[in-house]
file run-v9.tsv (TSV, C-alpha atoms)
chain	number	residue	atom	x	y	z
A	12	MET	CA	-2.30	23.02	-7.98
A	13	THR	CA	-1.47	22.44	-4.34
A	14	ARG	CA	-4.18	21.79	-1.76
A	15	LEU	CA	-3.85	25.40	-0.58
A	16	ASP	CA	-4.13	26.67	-4.16
A	17	GLN	CA	-7.44	24.81	-4.47
A	18	GLN	CA	-8.72	26.14	-1.14
A	19	VAL	CA	-7.84	29.71	-2.10
A	20	ALA	CA	-9.32	29.32	-5.60
A	21	PHE	CA	-12.62	28.32	-3.96
A	22	LEU	CA	-12.46	31.26	-1.54
A	23	VAL	CA	-11.78	33.69	-4.39
A	24	GLU	CA	-14.65	32.26	-6.44
A	25	ALA	CA	-16.94	32.63	-3.40
A	26	ASP	CA	-16.34	36.39	-3.55
A	27	ARG	CA	-18.90	36.50	-6.38
A	28	LEU	CA	-21.72	35.85	-3.89
A	29	LYS	CA	-21.27	39.51	-2.89
A	30	SER	CA	-22.67	40.45	-6.31
A	31	VAL	CA	-25.84	38.34	-6.11
A	32	ASN	CA	-28.67	40.65	-5.12
A	33	ARG	CA	-31.78	39.62	-3.23
A	34	ALA	CA	-35.32	40.99	-3.30
A	35	ALA	CA	-34.98	42.32	0.25
A	36	THR	CA	-33.39	45.69	0.96
A	37	LEU	CA	-31.20	46.94	3.75
A	38	VAL	CA	-33.17	48.33	6.68
A	39	ASP	CA	-32.45	51.88	5.50
A	40	ALA	CA	-33.80	50.89	2.04
A	41	SER	CA	-30.70	52.40	0.41
A	42	ARG	CA	-30.14	49.34	-1.78
A	43	HIS	CA	-30.89	45.64	-2.14
A	44	GLU	CA	-29.21	43.18	0.17
A	45	ASN	CA	-26.70	40.78	-1.39
A	46	SER	CA	-26.50	37.10	-0.57
A	47	ALA	CA	-23.08	37.27	1.09
A	48	GLU	CA	-24.03	39.90	3.67
A	49	HIS	CA	-27.40	38.14	4.10
A	50	SER	CA	-25.47	34.95	4.95
A	51	TRP	CA	-23.45	36.85	7.54
A	52	HIS	CA	-26.61	38.32	9.01
A	53	LEU	CA	-28.14	34.85	9.34
A	54	CYS	CA	-25.03	33.60	11.15
A	55	LEU	CA	-25.53	36.44	13.61
A	56	TYR	CA	-29.21	35.47	13.92
A	57	ALA	CA	-28.10	31.92	14.81
A	58	VAL	CA	-25.72	33.14	17.50
A	59	VAL	CA	-28.20	35.61	19.01
A	60	LEU	CA	-31.29	33.40	18.77
A	61	ALA	CA	-29.63	30.14	19.81
A	62	ASP	CA	-32.03	30.02	22.78
A	63	GLN	CA	-34.85	29.40	20.27
A	64	ALA	CA	-33.27	26.15	19.08
A	65	GLY	CA	-34.51	22.78	20.22
A	66	PRO	CA	-32.27	20.47	22.30
A	67	ASP	CA	-31.11	18.44	19.26
A	68	VAL	CA	-29.85	21.47	17.35
A	69	ASP	CA	-26.08	21.88	16.97
A	70	ILE	CA	-25.59	25.65	16.61
A	71	GLY	CA	-22.07	25.23	15.25
A	72	ARG	CA	-23.46	23.11	12.43
A	73	VAL	CA	-26.32	25.60	11.90
A	74	VAL	CA	-23.77	28.39	11.44
A	75	LYS	CA	-21.76	26.25	9.00
A	76	MET	CA	-24.92	25.63	6.97
A	77	LEU	CA	-25.76	29.33	6.95
A	78	ILE	CA	-22.24	30.25	5.79
A	79	LEU	CA	-22.59	27.84	2.86
A	80	HIS	CA	-26.31	27.86	2.12
A	81	ASP	CA	-26.41	30.45	-0.68
A	82	LEU	CA	-23.10	29.71	-2.45
A	83	VAL	CA	-24.91	27.97	-5.32
A	84	GLU	CA	-26.55	31.32	-6.14
A	85	ILE	CA	-23.26	32.37	-7.73
A	86	ASP	CA	-24.39	30.31	-10.72
A	87	ALA	CA	-28.11	29.85	-10.08
A	88	GLY	CA	-29.09	33.33	-8.85
A	89	ASP	CA	-31.41	34.22	-6.01
A	90	HIS	CA	-35.06	33.20	-6.31
A	91	PRO	CA	-37.31	35.52	-4.26
A	92	VAL	CA	-39.64	33.69	-1.93
A	93	PHE	CA	-42.61	35.62	-3.36
A	94	GLY	CA	-41.61	35.17	-6.99
A	95	ASP	CA	-43.06	32.57	-9.34
A	96	ALA	CA	-40.43	29.99	-10.01
A	97	ASP	CA	-40.10	26.53	-11.49
A	98	LEU	CA	-38.82	24.65	-8.44
A	99	ASP	CA	-37.57	21.64	-10.42
A	100	ALA	CA	-35.59	23.86	-12.76
A	101	ILE	CA	-34.07	25.75	-9.82
A	102	LYS	CA	-33.12	22.47	-8.14
A	103	ALA	CA	-31.33	21.30	-11.29
A	104	GLN	CA	-29.49	24.64	-11.61
A	105	GLU	CA	-28.45	24.56	-7.97
A	106	ASP	CA	-27.21	20.98	-8.16
A	107	ALA	CA	-25.08	21.85	-11.19
A	108	ALA	CA	-23.80	24.93	-9.33
A	109	ALA	CA	-22.88	22.79	-6.32
A	110	ASP	CA	-20.99	20.38	-8.58
A	111	ARG	CA	-18.95	23.21	-10.05
A	112	ILE	CA	-18.38	25.38	-6.98
A	113	PHE	CA	-17.72	22.73	-4.31
A	114	GLY	CA	-15.77	20.90	-7.04
A	115	LEU	CA	-13.08	23.60	-6.82
A	116	LEU	CA	-12.09	22.21	-3.40
A	117	PRO	CA	-9.84	19.26	-2.53
A	118	ALA	CA	-11.98	16.10	-2.56
A	119	ASP	CA	-12.26	15.67	1.23
A	120	LEU	CA	-13.42	19.27	1.75
A	121	ARG	CA	-15.66	19.12	-1.33
A	122	ASP	CA	-17.50	16.12	0.09
A	123	GLU	CA	-17.69	17.53	3.60
A	124	LEU	CA	-19.01	20.97	2.65
A	125	ARG	CA	-21.34	19.68	0.00
A	126	GLY	CA	-22.74	17.34	2.63
A	127	VAL	CA	-23.44	20.30	4.92
A	128	TRP	CA	-25.21	22.11	2.07
A	129	GLU	CA	-27.25	18.99	1.16
A	130	GLU	CA	-28.30	18.65	4.80
A	131	PHE	CA	-29.53	22.25	4.79
A	132	GLU	CA	-31.42	21.73	1.53
A	133	ALA	CA	-33.09	18.50	2.68
A	134	ALA	CA	-34.20	20.15	5.96
A	135	LEU	CA	-34.66	16.80	7.67
A	136	THR	CA	-32.39	17.28	10.69
A	137	PRO	CA	-33.16	19.55	13.66
A	138	SER	CA	-30.11	21.70	12.83
A	139	ALA	CA	-31.16	22.15	9.19
A	140	GLN	CA	-34.73	22.94	10.25
A	141	PHE	CA	-33.51	25.62	12.64
A	142	ALA	CA	-31.24	27.08	9.92
A	143	LYS	CA	-34.17	27.14	7.47
A	144	ALA	CA	-36.37	28.82	10.08
A	145	LEU	CA	-33.84	31.65	10.49
A	146	ASP	CA	-33.55	32.02	6.70
A	147	ARG	CA	-37.32	32.59	6.61
A	148	PHE	CA	-37.46	34.75	9.76
A	149	GLN	CA	-34.85	37.35	8.77
A	150	PRO	CA	-36.61	38.81	5.68
A	151	PRO	CA	-39.82	39.80	7.55
A	152	MET	CA	-37.66	41.38	10.27
A	153	GLN	CA	-35.88	43.41	7.54
A	154	ASN	CA	-39.23	44.40	6.05
A	155	LEU	CA	-40.74	45.41	9.39
A	156	ALA	CA	-37.70	47.56	10.09
A	157	SER	CA	-37.62	49.17	6.64
A	158	GLY	CA	-41.35	49.95	6.50
A	159	GLY	CA	-42.16	47.03	4.21
A	160	VAL	CA	-40.14	48.10	1.17
A	161	SER	CA	-39.85	44.72	-0.51
A	162	TRP	CA	-43.33	43.62	0.59
A	163	ALA	CA	-44.68	46.63	-1.29
A	164	ALA	CA	-42.54	45.77	-4.33
A	165	PHE	CA	-44.05	42.27	-4.45
A	166	ASN	CA	-47.62	43.33	-3.47
A	167	VAL	CA	-47.44	41.00	-0.51
A	168	THR	CA	-50.31	40.44	1.91
A	169	PRO	CA	-50.09	38.96	5.42
A	170	GLU	CA	-51.73	35.79	4.06
A	171	LYS	CA	-49.08	35.43	1.38
A	172	ILE	CA	-46.28	35.94	3.92
A	173	GLU	CA	-47.82	33.32	6.17
A	174	ALA	CA	-48.18	30.82	3.33
A	175	ARG	CA	-44.56	31.22	2.24
A	176	VAL	CA	-42.61	31.57	5.48
A	177	ALA	CA	-44.73	30.21	8.34
A	178	PRO	CA	-44.28	26.46	7.67
A	179	SER	CA	-40.46	26.60	7.82
A	180	ILE	CA	-40.37	28.93	10.81
A	181	MET	CA	-42.98	26.92	12.72
A	182	ARG	CA	-41.07	23.71	12.12
A	183	GLY	CA	-37.66	24.99	13.21
A	184	ALA	CA	-38.39	27.76	15.70
A	185	PRO	CA	-42.11	27.98	16.52
A	186	ALA	CA	-41.92	30.87	19.00
A	187	LEU	CA	-40.32	33.00	16.26
A	188	TRP	CA	-43.40	32.53	14.11
A	189	ASP	CA	-45.70	33.67	16.94
A	190	TYR	CA	-43.50	36.74	17.32
A	191	ALA	CA	-43.32	37.45	13.59
A	192	ARG	CA	-47.04	36.94	13.01
A	193	ALA	CA	-48.04	39.38	15.73
A	194	ARG	CA	-45.71	42.04	14.34
A	195	ILE	CA	-46.73	41.41	10.71
A	196	ASP	CA	-50.42	41.67	11.62
A	197	ALA	CA	-49.82	44.89	13.53
A	198	PHE	CA	-47.87	46.31	10.60
A	199	PHE	CA	-50.56	45.60	8.01
A	200	ASN	CA	-53.39	46.64	10.33
A	201	GLY	CA	-51.61	49.93	10.90
A	202	ARG	CA	-51.54	50.57	7.17
A	203	THR	CA	-55.23	50.01	6.44
B	19	MET	CA	-39.34	45.19	25.74
B	20	THR	CA	-39.34	41.41	25.85
B	21	ARG	CA	-36.15	39.39	25.55
B	22	LEU	CA	-37.00	38.63	21.92
B	23	ASP	CA	-37.65	42.32	21.23
B	24	GLN	CA	-34.14	43.06	22.50
B	25	GLN	CA	-32.58	40.28	20.42
B	26	VAL	CA	-34.35	41.47	17.27
B	27	ALA	CA	-33.47	45.13	17.96
B	28	PHE	CA	-29.79	44.11	18.08
B	29	LEU	CA	-30.13	42.10	14.85
B	30	VAL	CA	-31.80	45.02	13.09
B	31	GLU	CA	-29.12	47.43	14.29
B	32	ALA	CA	-26.45	45.01	13.02
B	33	ASP	CA	-27.83	45.52	9.51
B	34	ARG	CA	-25.90	48.80	9.42
B	35	LEU	CA	-22.61	46.88	9.12
B	36	LYS	CA	-23.62	46.29	5.48
B	37	SER	CA	-23.09	50.01	4.88
B	38	VAL	CA	-19.56	50.22	6.34
B	39	ASN	CA	-17.14	50.14	3.43
B	40	ARG	CA	-13.60	48.81	3.56
B	41	ALA	CA	-10.49	49.80	1.61
B	42	ALA	CA	-10.46	46.45	-0.21
B	43	THR	CA	-12.56	45.87	-3.30
B	44	LEU	CA	-14.43	42.85	-4.58
B	45	VAL	CA	-12.30	40.59	-6.76
B	46	ASP	CA	-13.93	42.05	-9.89
B	47	ALA	CA	-13.05	45.55	-8.59
B	48	SER	CA	-16.64	46.68	-9.23
B	49	ARG	CA	-16.95	48.29	-5.80
B	50	HIS	CA	-15.51	48.35	-2.30
B	51	GLU	CA	-16.20	45.44	0.00
B	52	ASN	CA	-18.38	46.13	3.04
B	53	SER	CA	-17.67	44.83	6.52
B	54	ALA	CA	-20.70	42.52	6.68
B	55	GLU	CA	-19.87	40.57	3.54
B	56	HIS	CA	-16.19	40.62	4.56
B	57	SER	CA	-17.21	39.00	7.86
B	58	TRP	CA	-19.09	36.29	5.96
B	59	HIS	CA	-16.10	35.71	3.72
B	60	LEU	CA	-13.85	35.28	6.75
B	61	CYS	CA	-16.25	32.71	8.23
B	62	LEU	CA	-15.91	30.78	4.98
B	63	TYR	CA	-12.12	31.13	5.22
B	64	ALA	CA	-12.27	29.59	8.70
B	65	VAL	CA	-14.35	26.63	7.50
B	66	VAL	CA	-12.21	25.99	4.41
B	67	LEU	CA	-8.82	26.61	6.04
B	68	ALA	CA	-9.54	24.84	9.33
B	69	ASP	CA	-6.67	22.44	8.52
B	70	GLN	CA	-4.29	25.38	9.02
B	71	ALA	CA	-5.33	25.81	12.65
B	72	GLY	CA	-3.22	24.52	15.51
B	73	PRO	CA	-4.52	21.76	17.83
B	74	ASP	CA	-5.76	24.20	20.49
B	75	VAL	CA	-7.96	26.17	18.10
B	76	ASP	CA	-11.74	25.79	18.43
B	77	ILE	CA	-13.06	26.52	14.92
B	78	GLY	CA	-16.61	27.05	16.18
B	79	ARG	CA	-15.34	29.81	18.45
B	80	VAL	CA	-13.20	31.24	15.63
B	81	VAL	CA	-16.31	31.51	13.46
B	82	LYS	CA	-18.23	33.18	16.29
B	83	MET	CA	-15.43	35.74	16.66
B	84	LEU	CA	-15.42	36.41	12.93
B	85	ILE	CA	-19.19	36.91	12.85
B	86	LEU	CA	-18.88	39.52	15.62
B	87	HIS	CA	-15.43	41.01	15.05
B	88	ASP	CA	-16.40	44.07	12.98
B	89	LEU	CA	-19.74	45.01	14.58
B	90	VAL	CA	-18.16	47.94	16.42
B	91	GLU	CA	-17.42	49.51	13.01
B	92	ILE	CA	-21.10	50.49	12.85
B	93	ASP	CA	-20.11	53.36	15.15
B	94	ALA	CA	-16.32	53.48	14.83
B	95	GLY	CA	-15.89	52.90	11.08
B	96	ASP	CA	-13.31	50.76	9.31
B	97	HIS	CA	-9.66	51.68	9.69
B	98	PRO	CA	-7.60	50.47	6.71
B	99	VAL	CA	-4.55	48.47	7.69
B	100	PHE	CA	-2.36	50.71	5.51
B	101	GLY	CA	-3.87	53.96	6.72
B	102	ASP	CA	-2.38	56.23	9.37
B	103	ALA	CA	-4.48	55.99	12.45
B	104	ASP	CA	-4.35	56.89	16.12
B	105	LEU	CA	-4.64	53.43	17.67
B	106	ASP	CA	-5.57	54.71	21.13
B	107	ALA	CA	-8.35	56.85	19.71
B	108	ILE	CA	-9.68	53.92	17.67
B	109	LYS	CA	-9.61	51.69	20.74
B	110	ALA	CA	-11.65	54.22	22.72
B	111	GLN	CA	-14.17	54.58	19.87
B	112	GLU	CA	-14.51	50.82	19.53
B	113	ASP	CA	-14.99	50.29	23.26
B	114	ALA	CA	-17.76	52.89	23.29
B	115	ALA	CA	-19.31	51.21	20.24
B	116	ALA	CA	-19.19	47.83	21.97
B	117	ASP	CA	-20.92	49.34	25.02
B	118	ARG	CA	-23.73	50.68	22.89
B	119	ILE	CA	-24.19	47.86	20.39
B	120	PHE	CA	-23.79	44.80	22.62
B	121	GLY	CA	-25.77	46.79	25.20
B	122	LEU	CA	-28.87	46.36	23.04
B	123	LEU	CA	-28.92	42.67	24.00
B	124	PRO	CA	-30.31	40.99	27.13
B	125	ALA	CA	-27.59	41.06	29.81
B	126	ASP	CA	-26.55	37.40	29.53
B	127	LEU	CA	-26.09	37.59	25.76
B	128	ARG	CA	-24.46	41.01	26.01
B	129	ASP	CA	-21.82	39.65	28.36
B	130	GLU	CA	-21.28	36.45	26.37
B	131	LEU	CA	-20.92	38.09	22.96
B	132	ARG	CA	-18.88	41.00	24.24
B	133	GLY	CA	-16.57	38.43	25.81
B	134	VAL	CA	-16.12	36.74	22.44
B	135	TRP	CA	-15.30	40.10	20.83
B	136	GLU	CA	-12.86	41.01	23.64
B	137	GLU	CA	-11.12	37.66	23.20
B	138	PHE	CA	-10.69	38.39	19.48
B	139	GLU	CA	-9.36	41.88	20.19
B	140	ALA	CA	-6.87	40.71	22.81
B	141	ALA	CA	-5.56	37.97	20.48
B	142	LEU	CA	-4.10	35.99	23.36
B	143	THR	CA	-5.84	32.63	22.81
B	144	PRO	CA	-5.04	30.21	19.97
B	145	SER	CA	-8.57	30.63	18.58
B	146	ALA	CA	-8.31	34.43	18.55
B	147	GLN	CA	-4.86	34.27	16.97
B	148	PHE	CA	-6.15	32.04	14.20
B	149	ALA	CA	-9.14	34.37	13.64
B	150	LYS	CA	-6.77	37.38	13.45
B	151	ALA	CA	-4.53	35.51	11.00
B	152	LEU	CA	-7.49	34.95	8.66
B	153	ASP	CA	-8.51	38.61	8.97
B	154	ARG	CA	-5.02	39.55	7.75
B	155	PHE	CA	-4.78	36.81	5.12
B	156	GLN	CA	-8.01	37.53	3.23
B	157	PRO	CA	-7.19	41.08	2.00
B	158	PRO	CA	-3.97	40.07	0.17
B	159	MET	CA	-5.88	37.19	-1.43
B	160	GLN	CA	-8.50	39.72	-2.63
B	161	ASN	CA	-5.77	41.98	-3.95
B	162	LEU	CA	-3.92	39.19	-5.74
B	163	ALA	CA	-7.17	38.14	-7.40
B	164	SER	CA	-8.20	41.69	-8.39
B	165	GLY	CA	-4.81	42.71	-9.79
B	166	GLY	CA	-3.82	44.70	-6.71
B	167	VAL	CA	-6.52	47.37	-6.89
B	168	SER	CA	-6.41	48.52	-3.28
B	169	TRP	CA	-2.62	48.03	-3.01
B	170	ALA	CA	-2.29	50.53	-5.87
B	171	ALA	CA	-4.71	52.92	-4.16
B	172	PHE	CA	-2.56	52.92	-1.02
B	173	ASN	CA	0.84	52.84	-2.84
B	174	VAL	CA	1.67	49.66	-1.02
B	175	THR	CA	5.00	47.82	-1.40
B	176	PRO	CA	5.70	44.17	-0.51
B	177	GLU	CA	7.72	45.44	2.47
B	178	LYS	CA	4.75	47.45	3.74
B	179	ILE	CA	2.41	44.46	3.35
B	180	GLU	CA	4.85	42.26	5.24
B	181	ALA	CA	5.20	44.78	8.06
B	182	ARG	CA	1.44	45.14	8.50
B	183	VAL	CA	0.09	41.63	7.98
B	184	ALA	CA	2.90	39.12	8.44
B	185	PRO	CA	3.14	39.21	12.27
B	186	SER	CA	-0.54	38.27	12.79
B	187	ILE	CA	-0.57	35.64	10.04
B	188	MET	CA	2.71	34.09	11.21
B	189	ARG	CA	1.43	33.88	14.76
B	190	GLY	CA	-1.91	32.26	13.97
B	191	ALA	CA	-1.37	30.33	10.73
B	192	PRO	CA	2.32	30.35	9.73
B	193	ALA	CA	1.97	28.29	6.54
B	194	LEU	CA	-0.50	30.86	5.23
B	195	TRP	CA	2.18	33.54	5.48
B	196	ASP	CA	4.66	31.41	3.48
B	197	TYR	CA	1.97	30.98	0.84
B	198	ALA	CA	0.97	34.66	0.80
B	199	ARG	CA	4.57	35.93	0.73
B	200	ALA	CA	5.49	33.80	-2.27
B	201	ARG	CA	2.46	35.00	-4.20
B	202	ILE	CA	2.92	38.65	-3.16
B	203	ASP	CA	6.58	38.57	-4.23
B	204	ALA	CA	5.69	37.00	-7.57
B	205	PHE	CA	2.99	39.63	-8.11
B	206	PHE	CA	5.26	42.62	-7.45
B	207	ASN	CA	8.19	41.09	-9.37
B	208	GLY	CA	5.90	40.59	-12.36
B	209	ARG	CA	5.02	44.29	-12.29
B	210	THR	CA	8.56	45.68	-12.26

call {"tool": "encode", "arguments": {"input": "run-v9.tsv", "output": "structure tokens"}}
result
Amino acid sequence: MTRLDQQVAFLVEADRLKSVNRAATLVDASRHENSAEHSWHLCLYAVVLADQAGPDVDIGRVVKMLILHDLVEIDAGDHPVFGDADLDAIKAQEDAAADRIFGLLPADLRDELRGVWEEFEAALTPSAQFAKALDRFQPPMQNLASGGVSWAAFNVTPEKIEARVAPSIMRGAPALWDYARARIDAFFNGRT
Amino acid sequence: MTRLDQQVAFLVEADRLKSVNRAATLVDASRHENSAEHSWHLCLYAVVLADQAGPDVDIGRVVKMLILHDLVEIDAGDHPVFGDADLDAIKAQEDAAADRIFGLLPADLRDELRGVWEEFEAALTPSAQFAKALDRFQPPMQNLASGGVSWAAFNVTPEKIEARVAPSIMRGAPALWDYARARIDAFFNGRT
């Protein structure tokens, strides 16, 4: 295989992310969202909400992380944030998936892109923390716009949302949590 | 509306791109590809094939163009490259769509992101030409991997593919056209 054959083989394999479904739905609730279009949506979030990033955030790197962040789900599946999951088992599955999927690339690209994904996963850099914040901020925005379809499916309360998404959002983009919390509270208050 | 309300309203509206279907299918031919997941796939193409870009190409800007490039299809729909279409009418529809959709944003972001989209459309800069090349290169790669599903649906010949996609690919990423042409020729020769 030539270098270009390897690059294209990886890009063709990546197509399978379009068939990994998430717990969240589209805003019109017509179907579940898949992880590929979710990744695109997060890239758009990064571009549009760049003014929420701290001074040490590199938005170009954030976008690169968001493009790559869910690729391991091709093998490991999506794990809903409100589901019960064995985090160690997921981590092992995702590491094996990263070995296989990034391993389709030429070695230099494999190491570079895997490094971007590892940075996102570790969430230790300002860019990774901002990317993680957006990944946690988008689902409540989808739910608020759809009338809470997937919140209802998971019997979610405002307290449960806060416990699962607030820490990441507060760390990477604190004003987005203030905004989300006010809208989530208003939504649930309006229902009771 | 606050600035953040406007940003989120735009991001929620953008969700509708996930319901715009393209002529191309997924590699497994299970369904048509939508424009949101296609946009994500192109961003991944840009990251993985960055070594095909000329020295004046800014990959970060290419990715930004690819994130935004199909948003106008929310109003104007997708126009298959092998379909018969009135290009002036499409242009008018897409300009009106850009007015409405980017117009949801605060003025500074509206102007910035519309400018990125206009640069892509005009295809006069090296970055836009590389982005356009990827947008033309991905569909034949999908077709080659799926066994030519959407080529068959449009009765496409190698000559027709060359006429419609080669100019943009040759301009922005010439080695990708050499690669695509060889594989397209082998595919059609194998069928006859």

call {"tool": "residues_near_point", "arguments": {"input": "run-v9.tsv", "point": "(-38.1, 34.5, -2.6)", "cutoff": "10 Å", "atoms": "only C-alpha atoms", "output": "PyMOL selection string"}}
result
chain A and resi 33-35+89-96+147+150+165+175-176

call {"tool": "residues_around", "arguments": {"input": "run-v9.tsv", "residues": "region 144-146 of chain A", "least_positions_apart": "6", "cutoff": "6 Å", "atoms": "only C-alpha atoms", "output": "mmCIF file with C-alpha atoms, in the frame of the given file"}}
result
data_model
loop_
_atom_site.group_PDB
_atom_site.id
_atom_site.type_symbol
_atom_site.label_atom_id
_atom_site.label_comp_id
_atom_site.auth_asym_id
_atom_site.auth_seq_id
_atom_site.Cartn_x
_atom_site.Cartn_y
_atom_site.Cartn_z
ATOM 1 C CA SER A 179 -40.460 26.600 7.820
ATOM 2 C CA ILE A 180 -40.370 28.930 10.810
ATOM 3 C CA GLY A 183 -37.660 24.990 13.210
#

call {"tool": "closest_residue", "arguments": {"input": "run-v9.tsv", "among": "A:Lys171, A:Arg194, A:Arg202, A:Arg182", "to": "chain B", "atoms": "only C-alpha atoms"}}
result
A:Arg194

call {"tool": "closest_residue", "arguments": {"input": "run-v9.tsv", "among": "A:Ala164, A:Gln153, A:Arg125, A:Asp119", "to": "chain B", "atoms": "all atoms listed in the file"}}
result
A:Gln153

call {"tool": "closest_residue", "arguments": {"input": "run-v9.tsv", "among": "B:Leu122, B:Ala146, B:Ile179, B:Leu127", "to": "chain A", "atoms": "all atoms listed in the file"}}
result
B:Leu127

call {"tool": "closest_atom_pairs", "arguments": {"input": "run-v9.tsv", "of": "chain A", "to": "chain B", "cutoff": "6 Å", "atoms": "all atoms listed in the file", "output": "Markdown table"}}
result
| residue | atom | partner | partner_atom | distance |
| --- | --- | --- | --- | --- |
| A:Ala47 | CA | B:Glu55 | CA | 5.2 |
| A:Glu48 | CA | B:Glu55 | CA | 4.2 |
| A:Trp51 | CA | B:Trp58 | CA | 4.7 |
| A:Gly71 | CA | B:Gly78 | CA | 5.8 |

call {"tool": "residues_around", "arguments": {"input": "run-v9.tsv", "residues": "Val68 (chain A)", "least_positions_apart": "6", "cutoff": "12 Å", "atoms": "all atoms listed in the file", "output": "list in words"}}
result
Ala57, Ala61, Asp62, Val74, Leu135, Thr136, Pro137, Ser138, Ala139, Gln140, Phe141, Ala142, Gly183 and Ala184 of chain A

call {"tool": "closest_residue", "arguments": {"input": "run-v9.tsv", "among": "B:Asp203, B:Asp76, B:Asp93, B:Glu177", "to": "Ile119 (chain B)", "atoms": "all atoms listed in the file"}}
result
B:Asp93

call {"tool": "atom_distance", "arguments": {"input": "run-v9.tsv", "atom1": "CA of His50 (chain B)", "atom2": "CA of Val167 (chain B)"}}
result
10.1 Å

call {"tool": "axis_aligned_box", "arguments": {"input": "run-v9.tsv", "around": "region 127-144 of chain A", "padding_each_side": "6 Å", "output": "lines of an AutoDock Vina configuration file"}}
result
center_x = -29.9
center_y = 22.8
center_z = 7.4
size_x = 24.9
size_y = 24.0
size_z = 24.5

call {"tool": "atom_distance", "arguments": {"input": "run-v9.tsv", "atom1": "CA of Val90 (chain B)", "atom2": "CA of Ala115 (chain B)"}}
result
5.2 Å

call {"tool": "atom_distance", "arguments": {"input": "run-v9.tsv", "atom1": "CA of Ala107 (chain B)", "atom2": "CA of Trp169 (chain B)"}}
result
25.0 Å

call {"tool": "closest_residue", "arguments": {"input": "run-v9.tsv", "among": "A:Ala107, A:Gly88, A:Thr36, A:Phe113", "to": "Gln17 (chain A)", "atoms": "only C-alpha atoms"}}
result
A:Phe113

call {"tool": "residues_around", "arguments": {"input": "run-v9.tsv", "residues": "Glu136 (chain B)", "least_positions_apart": "6", "cutoff": "10 Å", "atoms": "all atoms listed in the file", "output": "PyMOL selection string"}}
result
chain B and resi 83+87+113+116+130+146
